[in-house]
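J.: My file is start-v2.txt. It has compact mmCIF, C-alpha atoms:
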# COMPACT_ATOMS: atom_id res chain seq x y z
CA MET G 1 0.00 0.00 0.00
CA LYS G 2 1.25 3.46 -0.85
CA ASN G 3 1.96 5.78 2.05
CA LEU G 4 0.60 9.29 2.55
CA VAL G 5 3.49 11.03 0.78
CA GLU G 6 3.24 8.72 -2.23
CA HIS G 7 -0.53 9.21 -2.59
CA LEU G 8 -0.41 12.98 -2.15
CA SER G 9 2.64 13.35 -4.41
CA GLN G 10 1.08 11.36 -7.22
CA TYR G 11 -2.13 13.39 -6.98
CA ALA G 12 -0.19 16.66 -6.65
CA THR G 13 1.60 16.13 -9.96
CA TYR G 14 -1.77 16.83 -11.62
CA HIS G 15 -2.34 19.91 -9.46
CA ARG G 16 0.52 22.41 -9.50
CA ASP G 17 -1.40 25.45 -10.81
CA PRO G 18 -2.84 27.47 -7.89
CA ARG G 19 -6.00 28.23 -9.89
CA ASN G 20 -6.65 24.53 -10.26
CA ILE G 21 -6.05 23.96 -6.56
CA ALA G 22 -8.41 26.84 -5.76
CA THR G 23 -11.20 25.26 -7.83
CA HIS G 24 -10.65 22.02 -5.94
CA PHE G 25 -11.41 23.78 -2.66
CA VAL G 26 -14.94 24.25 -3.97
CA GLY G 27 -15.44 21.43 -6.45
CA ILE G 28 -14.26 18.47 -4.38
CA PRO G 29 -16.32 19.30 -1.27
CA LEU G 30 -19.39 19.72 -3.51
CA ILE G 31 -18.79 16.33 -5.12
CA VAL G 32 -18.24 14.61 -1.76
CA LEU G 33 -21.42 16.21 -0.42
CA ALA G 34 -23.32 15.17 -3.56
CA VAL G 35 -22.19 11.56 -3.21
CA ALA G 36 -23.26 11.56 0.45
CA ILE G 37 -26.65 12.97 -0.53
CA LEU G 38 -27.23 10.57 -3.41
CA LEU G 39 -26.08 7.49 -1.47
CA SER G 40 -28.16 8.34 1.60
CA ARG G 41 -31.04 6.54 -0.13
CA PRO G 42 -31.99 3.86 0.43
CA GLY G 43 -31.57 4.35 4.12
CA GLY G 44 -33.23 3.99 7.44
CA ASP G 45 -32.91 4.98 11.06
CA LEU G 46 -31.67 2.31 13.47
CA ALA G 47 -31.24 3.46 17.07
CA GLY G 48 -30.52 7.03 15.95
CA LEU G 49 -28.03 6.05 13.24
CA TRP G 50 -28.97 6.51 9.57
CA LEU G 51 -27.90 3.32 7.81
CA SER G 52 -27.29 3.82 4.10
CA PRO G 53 -24.77 3.11 1.33
CA ALA G 54 -23.30 6.55 2.12
CA LEU G 55 -22.44 5.40 5.65
CA LEU G 56 -20.67 2.32 4.31
CA LEU G 57 -18.67 4.35 1.78
CA ALA G 58 -17.76 7.00 4.36
CA GLY G 59 -16.76 4.36 6.90
CA GLY G 60 -14.48 2.62 4.40
CA SER G 61 -13.01 5.96 3.35
CA VAL G 62 -12.29 7.02 6.92
CA TRP G 63 -10.63 3.67 7.60
CA PHE G 64 -8.41 4.25 4.53
CA TYR G 65 -7.55 7.81 5.65
CA LEU G 66 -6.79 6.70 9.21
CA ARG G 67 -4.38 4.07 7.91
CA LEU G 68 -2.54 6.79 5.99
CA ASP G 69 -2.45 9.41 8.75
CA LEU G 70 -4.19 9.61 12.13
CA ARG G 71 -4.62 13.41 12.22
CA PHE G 72 -5.88 13.72 8.65
CA GLY G 73 -8.00 10.61 9.13
CA LEU G 74 -9.75 12.07 12.16
CA LEU G 75 -10.38 15.36 10.35
CA MET G 76 -11.69 13.53 7.28
CA GLY G 77 -13.98 11.52 9.56
CA LEU G 78 -15.42 14.73 10.98
CA LEU G 79 -15.89 16.27 7.53
CA LEU G 80 -17.48 13.13 6.11
CA GLY G 81 -19.71 12.96 9.18
CA LEU G 82 -21.01 16.43 8.34
CA CYS G 83 -21.67 15.31 4.77
CA LEU G 84 -23.52 12.24 6.05
CA TRP G 85 -25.63 14.46 8.30
CA ALA G 86 -26.58 16.66 5.34
CA GLY G 87 -27.21 13.61 3.17
CA GLN G 88 -29.53 12.08 5.72
CA ALA G 89 -31.37 15.37 6.18
CA LEU G 90 -32.07 15.47 2.44
CA ALA G 91 -32.75 11.72 2.10
CA ILE G 92 -35.88 12.02 4.23
CA ARG G 93 -37.21 14.90 2.12
CA PRO G 94 -39.37 14.44 -0.99
CA THR G 95 -37.64 12.62 -3.84
CA GLY G 96 -37.48 15.68 -6.09
CA LEU G 97 -35.70 17.75 -3.47
CA TRP G 98 -33.29 14.95 -2.53
CA LEU G 99 -32.47 14.06 -6.14
CA GLY G 100 -32.30 17.68 -7.34
CA ALA G 101 -29.94 18.65 -4.53
CA GLY G 102 -27.73 15.61 -5.07
CA LEU G 103 -27.51 15.79 -8.86
CA GLY G 104 -27.26 19.58 -8.95
CA THR G 105 -24.43 19.61 -6.44
CA PHE G 106 -22.67 16.79 -8.31
CA VAL G 107 -22.85 18.54 -11.69
CA VAL G 108 -21.74 21.92 -10.31
CA GLY G 109 -18.85 20.30 -8.42
CA TRP G 110 -17.57 18.51 -11.52
CA ALA G 111 -17.97 21.62 -13.69
CA ILE G 112 -15.77 23.53 -11.26
CA GLN G 113 -13.23 20.70 -11.29
CA PHE G 114 -12.99 20.71 -15.07
CA ILE G 115 -12.52 24.48 -15.13
CA GLY G 116 -9.56 24.01 -12.79
CA HIS G 117 -8.06 21.34 -15.00
CA TRP G 118 -8.46 23.61 -18.02
CA TYR G 119 -6.20 26.08 -16.19
CA GLU G 120 -3.81 23.26 -15.31
CA GLY G 121 -3.75 22.06 -18.90
CA ARG G 122 -3.89 18.51 -17.64
CA LYS G 123 -6.56 15.86 -17.18
CA PRO G 124 -7.80 14.95 -13.69
CA ALA G 125 -5.69 12.45 -11.76
CA PHE G 126 -8.44 9.83 -11.52
CA VAL G 127 -8.35 9.35 -15.31
CA ASP G 128 -4.98 7.60 -14.92
CA ASP G 129 -5.54 6.15 -11.45
CA LEU G 130 -8.96 5.68 -9.86
CA SER G 131 -7.42 6.12 -6.40
CA GLY G 132 -7.50 9.84 -7.24
CA LEU G 133 -11.21 9.77 -6.40
CA ILE G 134 -10.48 8.98 -2.73
CA ILE G 135 -7.24 10.99 -2.55
CA GLY G 136 -8.83 14.18 -3.91
CA PRO G 137 -10.68 15.09 -0.70
CA LEU G 138 -7.56 14.32 1.36
CA PHE G 139 -5.47 16.47 -1.00
CA VAL G 140 -7.77 19.45 -0.36
CA VAL G 141 -7.43 19.00 3.40
CA ALA G 142 -3.65 18.64 3.10
CA GLU G 143 -3.38 21.76 0.89
CA LEU G 144 -5.40 23.72 3.43
CA ALA G 145 -3.08 22.53 6.18
CA PHE G 146 -0.09 23.60 4.09
CA MET G 147 -1.62 27.04 3.49
CA LEU G 148 -2.13 27.42 7.26
CA GLY G 149 1.53 26.63 7.87
CA LEU G 150 0.81 23.16 9.24
CA ARG G 151 2.47 19.87 8.32
CA GLY G 152 5.55 21.57 6.86
CA GLU G 153 7.57 18.35 6.67
CA LEU G 154 4.78 16.66 4.72
CA LYS G 155 4.58 19.63 2.35
CA LYS G 156 8.34 19.44 1.74
CA ALA G 157 8.14 15.70 1.06
CA VAL G 158 5.25 16.13 -1.39
CA GLU G 159 6.93 19.03 -3.19
CA ALA G 160 10.20 17.09 -3.40
CA LYS G 161 8.36 14.51 -5.52
CA ALA G 162 5.72 16.64 -7.31
CA GLY G 163 7.42 20.03 -7.46
CA PRO G 164 6.21 23.26 -5.91
CA VAL G 165 2.89 24.93 -6.70
CA ALA G 166 3.69 27.44 -9.42
CA MET G 167 1.68 29.55 -11.79
CA ARG G 168 1.48 27.80 -15.10
CA HIS G 169 -0.04 29.39 -18.13
CA LYS G 170 -2.05 27.29 -20.50
CA LYS G 171 -0.28 27.06 -23.81
CA ALA G 172 -1.89 29.14 -26.51
CA THR G 173 -3.13 27.21 -29.49
CA ALA G 174 -2.77 28.62 -32.96
Let me see the file written as structure tokens.
T.:
Amino acid sequence: MKNLVEHLSQYATYHRDPRNIATHFVGIPLIVLAVAILLSRPGGDLAGLWLSPALLLAGGSVWFYLRLDLRFGLLMGLLLGLCLWAGQALAIRPTGLWLGAGLGTFVVGWAIQFIGHWYEGRKPAFVDDLSGLIIGPLFVVAELAFMLGLRGELKKAVEAKAGPVAMRHKKATA
């Protein structure tokens, strides 16, 4: 199994333009929220816990994140818990509201992602490696930590493999 630096470095090689990273701060949370909303049906309440496919996916994801890094794993668990809460709140609403919120959020999130990759001039990481779908949310959390001056050693290790974040200009086509 790859370690945290290997996962983040591989993903980071597709994300060195700060405009692309900025779009990911919006797009990825919207996509994660959308998946939680859409997978919260079918579901049901059992002793105060909403059991749904979203809970299973979030639980597996948190387990994966915890194996990579305890601190990031705990934070990802909290963030995914908030998404599950929102998903459950919408899952009990009328089908049109639940489905409209889930699909609308999903489409907007992906549109923002593709705008970012247009700036990057590179396809999304998951096209080459599906693990990018689970690493993307962790990458956003790690980038936020780096921007806040946290996890400096991890940032150095990632940048040693992927290079620093630097403004890249999309090549003009003639």
J.: Using all atoms listed in the file, determine which residues lie at most 10 Å from Phe64 in chain G, disregarding the query and same-chain residues fewer than 5 positions distant; provide the list as a list in words.
T.: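 Returned residues: Ala58, Gly59, Asp69, Gly73, Ile134 and Ile135 of chain G.
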J.: Considering all atoms listed in the file, state which residue in the set G:Leu138, G:Leu133, G:Pro29, G:Ala125 is at the smallest distance from Val62 in chain G.
T.: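 Between G:Leu138, G:Leu133, G:Pro29, G:Ala125, the residue approaching Val62 in chain G most closely is G:Leu138.
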J.: So what do you get for CA of Gly102 in chain G versus CA of Ile28 in chain G, distance-wise?
T.: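 Going from CA of Gly102 in chain G over to CA of Ile28 in chain G covers 13.8 Å.
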J.: State, in Å with one decimal place, the distance from CA of Val26 in chain G to CA of Gly109 in chain G.
T.: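 We find that CA of Val26 in chain G and CA of Gly109 in chain G lie 7.1 Å from each other.
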J.: Do you have the CA of Thr105 in chain G-CA of Leu39 in chain G distance handy?
T.: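 So the two atoms, CA of Thr105 in chain G and CA of Leu39 in chain G, lie 13.2 Å apart.
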J.: Which one is closest to Gly116 in chain G: G:Asn20, G:Thr13, G:Thr95, G:Asn3? Count only C-alpha atoms.
T.: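 Checking each of G:Asn20, G:Thr13, G:Thr95, G:Asn3 against Gly116 in chain G, counting only C-alpha atoms, the winner is G:Asn20.
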J.: Mind checking which residues fall within 12 Å of range 42-48 of chain G, counting all atoms listed in the file, ignoring those fewer than 5 positions away in the same chain, and posting them as a ChimeraX atom specification?
T.: /G:36-37,53-56,84-85,87-92,95,98
J.: Taking (-8.1, 10.5, 2.8) in the file's coordinates, which residues come within 10 Å, counting only C-alpha atoms, written as a PyMOL selection string?
T.: chain G and resi 4+7-8+61-69+72-77+133-142
J.: Residues near Lys156 in chain G, anyone? I mean within 12 Å using only C-alpha atoms, not counting same-chain ones fewer than 5 positions away, as a list in words.
T.: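 Residues near the query, excluding close chain neighbours: Val5, Leu8, Ser9, Glu143, Phe146, Gly149, Leu150, Arg151, Lys161, Ala162, Gly163, Pro164 and Val165 of chain G.
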J.: Nearest residue to Gly104 in chain G out of G:Glu159, G:Glu120, G:Trp50, G:Leu30, using all atoms listed in the file?
T.: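 Counting all atoms listed in the file, the residue closest to Gly104 in chain G is G:Leu30.
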J.: How big is the axis-aligned box, and where does its centre sit, when it encloses all atoms of range 91-107 of chain G listed in the file and has 3 Å added on every side, reported in Å to one decimal as JSON?
T.:
{"center_x": -31.0, "center_y": 15.7, "center_z": -3.7, "size_x": 22.7, "size_y": 13.9, "size_z": 21.9}
